[in-house]
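Everything on this sheet refers to the single structure shown next.
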Amino acid sequence: MNGTPAPGLLHLVPTPIGGEPARVLAPALVDTVRGIRYFVVENEKSAWRFLARLMDRVALDAVRMAVLDEHTRDDEVPALLEPLLSGEDGAIVSEAGLPCVADPGSKLVALAHRSGVRVVPWPGPSALLMALMASGFDGQRFEFRGYLPAERSAREKALLEVERAARARGVPQLFIETPYRNKVLLADALRVLKPDTRLALAFALMTEEERVVSEPVSGWRARHWEPGKEPAVFIVSAP
């Protein structure tokens, strides 16, 4: 034996989109989180708020955090793994939903695999899958397109491409938007999509404002409902 400690585990910890973590997450996951002291997070403020709902003050005082977000450079990622290579367990905590799915973290997970660190994914809420579940669309196959372009003409072009893909392949197309642009995206979709194209919008999932609407574009045009500035998932499907 050379005295080198075995690597720690990298836990992938989902964060409830709404509701109390201790009531939403599996009890085994809650127990695991309470035993970890090193967390890689997208946003420290929300991560502290999440952990404060699960840990006592003594445990919180011992917690260390490192940030991994869209501004993290590739050459900064190896340092985030160092505590695990020294034998300490760590966790990636998402901003909301599942880590590494429409959320930062995949670079650290890839490095963990290359470095011999075991990655442990935990079950939890995923807005994408929850939206698909509630849409009434075929869930056997689907495509996630992330964010559509912010510029209006490019966004309209992207919406038409989304519609073509949904109709040609029969595969529901999922996409998301920055919450303050929900209203604009919905308005553009209702203007450019065909009346019989189906559109689902899952808004503010797992909160008191939760609402899921799924119907043809023609029905949406008659509805006159506008989503607020909460996270939402849009899904376009063939008639």
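Order determines the names: the first chain of the structure tokens is A, the second B, and so forth; residues in each chain are numbered 1 upward, and ligands are numbered 1 upward as they are shown.
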
Any idea what's packed within 12 Å of region 140-151 of chain A, counting only C-alpha atoms, ignoring anything in its chain fewer than 3 positions away? Could you give it as a PyMOL selection string?
chain A and resi 101-103+127-129+131-133+136-137+154-163+165-166+169-182+184-186+188-189+232-238

If you keep N, CA and C atoms, can you produce a file of those selected residues as a compact mmCIF listing (two decimals), in the first residue's frame?
# COMPACT_ATOMS: atom_id res chain seq x y z
N VAL A 101 -28.30 18.43 -16.10
CA VAL A 101 -29.35 18.37 -17.11
C VAL A 101 -29.93 19.78 -17.23
N ALA A 102 -29.60 20.46 -18.33
CA ALA A 102 -29.92 21.89 -18.48
C ALA A 102 -29.38 22.65 -17.29
N ASP A 103 -28.20 22.26 -16.83
CA ASP A 103 -27.61 22.80 -15.61
C ASP A 103 -26.12 22.50 -15.66
N ALA A 127 -37.72 19.20 -14.20
CA ALA A 127 -38.81 19.94 -14.83
C ALA A 127 -39.10 19.42 -16.23
N LEU A 128 -38.04 19.00 -16.95
CA LEU A 128 -38.24 18.51 -18.31
C LEU A 128 -39.11 17.25 -18.32
N LEU A 129 -38.77 16.29 -17.50
CA LEU A 129 -39.53 15.04 -17.48
C LEU A 129 -40.91 15.24 -16.87
N ALA A 131 -42.69 17.94 -17.08
CA ALA A 131 -43.49 18.58 -18.13
C ALA A 131 -43.94 17.58 -19.17
N LEU A 132 -43.04 16.70 -19.59
CA LEU A 132 -43.39 15.69 -20.60
C LEU A 132 -44.44 14.74 -20.05
N MET A 133 -44.28 14.34 -18.80
CA MET A 133 -45.28 13.47 -18.16
C MET A 133 -46.68 14.08 -18.22
N GLY A 136 -49.27 14.94 -22.03
CA GLY A 136 -50.12 14.05 -22.83
C GLY A 136 -49.50 13.67 -24.16
N PHE A 137 -48.25 14.09 -24.39
CA PHE A 137 -47.56 13.75 -25.63
C PHE A 137 -46.81 12.42 -25.47
N ALA A 154 -34.62 35.30 -35.27
CA ALA A 154 -33.95 34.00 -35.10
C ALA A 154 -34.81 33.06 -34.27
N ARG A 155 -35.50 33.62 -33.27
CA ARG A 155 -36.38 32.79 -32.44
C ARG A 155 -37.55 32.27 -33.25
N GLU A 156 -38.14 33.10 -34.10
CA GLU A 156 -39.25 32.65 -34.94
C GLU A 156 -38.80 31.56 -35.91
N LYS A 157 -37.60 31.74 -36.46
CA LYS A 157 -37.05 30.71 -37.35
C LYS A 157 -36.85 29.40 -36.60
N ALA A 158 -36.35 29.49 -35.37
CA ALA A 158 -36.13 28.29 -34.56
C ALA A 158 -37.45 27.61 -34.23
N LEU A 159 -38.48 28.39 -33.94
CA LEU A 159 -39.79 27.81 -33.65
C LEU A 159 -40.34 27.04 -34.84
N LEU A 160 -40.16 27.57 -36.04
CA LEU A 160 -40.61 26.87 -37.24
C LEU A 160 -39.82 25.58 -37.45
N GLU A 161 -38.54 25.59 -37.13
CA GLU A 161 -37.72 24.38 -37.24
C GLU A 161 -38.17 23.35 -36.20
N VAL A 162 -38.48 23.80 -35.00
CA VAL A 162 -39.00 22.92 -33.96
C VAL A 162 -40.29 22.25 -34.43
N GLU A 163 -41.17 23.05 -35.03
CA GLU A 163 -42.43 22.50 -35.52
C GLU A 163 -42.21 21.49 -36.64
N ALA A 165 -39.58 19.63 -37.12
CA ALA A 165 -39.00 18.41 -36.54
C ALA A 165 -40.08 17.58 -35.84
N ALA A 166 -40.96 18.23 -35.11
CA ALA A 166 -42.02 17.52 -34.40
C ALA A 166 -42.96 16.81 -35.37
N ARG A 169 -40.85 13.91 -37.65
CA ARG A 169 -40.36 12.72 -36.94
C ARG A 169 -41.31 12.22 -35.85
N GLY A 170 -42.34 12.98 -35.57
CA GLY A 170 -43.28 12.58 -34.54
C GLY A 170 -42.66 12.56 -33.15
N VAL A 171 -41.68 13.45 -32.94
CA VAL A 171 -40.96 13.47 -31.67
C VAL A 171 -41.23 14.81 -30.97
N PRO A 172 -41.81 14.81 -29.77
CA PRO A 172 -42.03 16.06 -29.06
C PRO A 172 -40.72 16.83 -28.86
N GLN A 173 -40.80 18.15 -29.01
CA GLN A 173 -39.64 19.02 -28.91
C GLN A 173 -39.76 19.89 -27.65
N LEU A 174 -38.81 19.73 -26.73
CA LEU A 174 -38.83 20.47 -25.48
C LEU A 174 -37.83 21.62 -25.55
N PHE A 175 -38.19 22.77 -25.00
CA PHE A 175 -37.25 23.87 -24.89
C PHE A 175 -37.64 24.74 -23.70
N ILE A 176 -36.70 25.58 -23.27
CA ILE A 176 -36.92 26.43 -22.11
C ILE A 176 -36.54 27.86 -22.45
N GLU A 177 -36.83 28.76 -21.53
CA GLU A 177 -36.52 30.17 -21.74
C GLU A 177 -36.23 30.83 -20.40
N THR A 178 -35.46 31.89 -20.43
CA THR A 178 -35.29 32.71 -19.24
C THR A 178 -36.66 33.20 -18.81
N PRO A 179 -37.03 33.06 -17.52
CA PRO A 179 -38.41 33.33 -17.11
C PRO A 179 -38.97 34.68 -17.55
N TYR A 180 -38.14 35.73 -17.59
CA TYR A 180 -38.70 37.03 -17.96
C TYR A 180 -39.04 37.13 -19.45
N ARG A 181 -38.64 36.11 -20.25
CA ARG A 181 -39.02 36.10 -21.66
C ARG A 181 -40.10 35.06 -21.97
N ASN A 182 -40.71 34.46 -20.95
CA ASN A 182 -41.79 33.49 -21.19
C ASN A 182 -42.91 34.07 -22.04
N VAL A 184 -42.97 36.62 -24.12
CA VAL A 184 -42.58 36.91 -25.50
C VAL A 184 -42.47 35.62 -26.31
N LEU A 185 -41.88 34.58 -25.70
CA LEU A 185 -41.73 33.32 -26.41
C LEU A 185 -43.09 32.71 -26.74
N LEU A 186 -44.00 32.73 -25.77
CA LEU A 186 -45.33 32.19 -26.03
C LEU A 186 -46.03 32.97 -27.13
N ASP A 188 -44.71 34.63 -29.62
CA ASP A 188 -44.10 34.28 -30.91
C ASP A 188 -44.56 32.91 -31.38
N ALA A 189 -44.62 31.95 -30.45
CA ALA A 189 -45.06 30.60 -30.82
C ALA A 189 -46.49 30.62 -31.35
N ALA A 232 -40.32 27.76 -16.76
CA ALA A 232 -41.33 27.07 -17.54
C ALA A 232 -40.66 26.18 -18.58
N VAL A 233 -41.36 25.14 -18.96
CA VAL A 233 -40.92 24.23 -20.03
C VAL A 233 -41.98 24.27 -21.13
N PHE A 234 -41.53 24.47 -22.36
CA PHE A 234 -42.40 24.48 -23.52
C PHE A 234 -42.19 23.18 -24.29
N ILE A 235 -43.28 22.63 -24.80
CA ILE A 235 -43.20 21.41 -25.61
C ILE A 235 -44.07 21.57 -26.85
N VAL A 236 -43.50 21.33 -28.02
CA VAL A 236 -44.24 21.36 -29.27
C VAL A 236 -44.34 19.92 -29.80
N SER A 237 -45.54 19.54 -30.23
CA SER A 237 -45.76 18.18 -30.72
C SER A 237 -46.64 18.22 -31.95
N ALA A 238 -46.54 17.16 -32.73
CA ALA A 238 -47.38 17.04 -33.93
C ALA A 238 -48.85 16.89 -33.51

What lies within 6 Å of Thr197 (chain A) using only C-alpha atoms, ignoring chain neighbours under 4 positions off, as a PyMOL selection string?
chain A and resi 216-217+238-239

Emit the selected residues as an mmCIF file, in the first residue's frame, including N, CA and C atoms.
data_model
loop_
_atom_site.group_PDB
_atom_site.id
_atom_site.type_symbol
_atom_site.label_atom_id
_atom_site.label_comp_id
_atom_site.auth_asym_id
_atom_site.auth_seq_id
_atom_site.Cartn_x
_atom_site.Cartn_y
_atom_site.Cartn_z
ATOM 1 N N PRO A 216 -54.022 22.359 -28.735
ATOM 2 C CA PRO A 216 -53.577 22.901 -30.024
ATOM 3 C C PRO A 216 -53.334 24.406 -29.945
ATOM 4 N N VAL A 217 -52.508 24.895 -30.847
ATOM 5 C CA VAL A 217 -52.221 26.325 -30.896
ATOM 6 C C VAL A 217 -53.515 27.128 -31.051
ATOM 7 N N ALA A 238 -46.538 17.164 -32.726
ATOM 8 C CA ALA A 238 -47.383 17.037 -33.930
ATOM 9 C C ALA A 238 -48.845 16.888 -33.514
ATOM 10 N N PRO A 239 -49.768 17.202 -34.425
ATOM 11 C CA PRO A 239 -51.203 17.062 -34.124
ATOM 12 C C PRO A 239 -51.557 15.628 -33.724
#

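Running DSSP on the backbone and keeping only strand (DSSP E), the residues of region 44-208 of chain A that qualify are Arg64, Met65, Ala66, Val67, Gly90, Ala91, Ile92, Val93, Val119, Val120, Pro121, Glu143, Phe144, Arg145, Gly146, Tyr147, Gln173, Leu174, Phe175, Ile176, Arg198, Leu199, Ala200, Leu201, Ala202 and Phe203 of chain A.
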
Keeping only C-alpha atoms, write the selected residues to a file as a PDB file, in the first residue's frame.
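The result, stored in selection_14.pdb:
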ATOM      1  CA  ARG A  64     -17.278  24.427   2.229  1.00  0.00           C
ATOM      2  CA  MET A  65     -18.535  25.474  -1.197  1.00  0.00           C
ATOM      3  CA  ALA A  66     -16.976  25.922  -4.621  1.00  0.00           C
ATOM      4  CA  VAL A  67     -18.774  27.489  -7.576  1.00  0.00           C
ATOM      5  CA  GLY A  90     -18.497  15.715  -2.253  1.00  0.00           C
ATOM      6  CA  ALA A  91     -21.657  16.704  -4.080  1.00  0.00           C
ATOM      7  CA  ILE A  92     -22.818  18.778  -6.999  1.00  0.00           C
ATOM      8  CA  VAL A  93     -25.969  20.658  -6.041  1.00  0.00           C
ATOM      9  CA  VAL A 119     -20.239   9.233  -9.559  1.00  0.00           C
ATOM     10  CA  VAL A 120     -23.493   8.643  -7.658  1.00  0.00           C
ATOM     11  CA  PRO A 121     -26.664  10.031  -9.312  1.00  0.00           C
ATOM     12  CA  GLU A 143     -35.704  16.012 -28.054  1.00  0.00           C
ATOM     13  CA  PHE A 144     -34.520  18.777 -25.754  1.00  0.00           C
ATOM     14  CA  ARG A 145     -33.355  21.922 -27.525  1.00  0.00           C
ATOM     15  CA  GLY A 146     -32.301  24.021 -24.555  1.00  0.00           C
ATOM     16  CA  TYR A 147     -32.801  27.749 -25.078  1.00  0.00           C
ATOM     17  CA  GLN A 173     -39.639  19.022 -28.910  1.00  0.00           C
ATOM     18  CA  LEU A 174     -38.826  20.470 -25.482  1.00  0.00           C
ATOM     19  CA  PHE A 175     -37.248  23.874 -24.886  1.00  0.00           C
ATOM     20  CA  ILE A 176     -36.918  26.430 -22.106  1.00  0.00           C
ATOM     21  CA  ARG A 198     -49.953  20.964 -30.168  1.00  0.00           C
ATOM     22  CA  LEU A 199     -48.264  23.118 -27.553  1.00  0.00           C
ATOM     23  CA  ALA A 200     -47.785  22.345 -23.868  1.00  0.00           C
ATOM     24  CA  LEU A 201     -46.476  24.746 -21.262  1.00  0.00           C
ATOM     25  CA  ALA A 202     -45.553  23.565 -17.765  1.00  0.00           C
ATOM     26  CA  PHE A 203     -45.212  26.640 -15.554  1.00  0.00           C
TER      27      PHE A 203
END

Given only C-alpha atoms as the basis, pick out the residue of A:Leu9, A:Leu85, A:Ala26, A:Leu80 nearest to Lys107 (chain A).
A:Leu80

Considering only alpha helix (DSSP H) as DSSP defines it on the backbone, what residues of region 57-175 of chain A qualify? List them as a ChimeraX atom specification.
/A:57-61,77-85,106-114,127-135,152-169

Can you pull out the residues contacting region 14-20 of chain A? Cut-off 8 Å, using only C-alpha atoms, and skip same-chain residues under 4 positions away; I want them as a PyMOL selection string.
chain A and resi 24-25+50+53+93-99+122-125+127+205-207
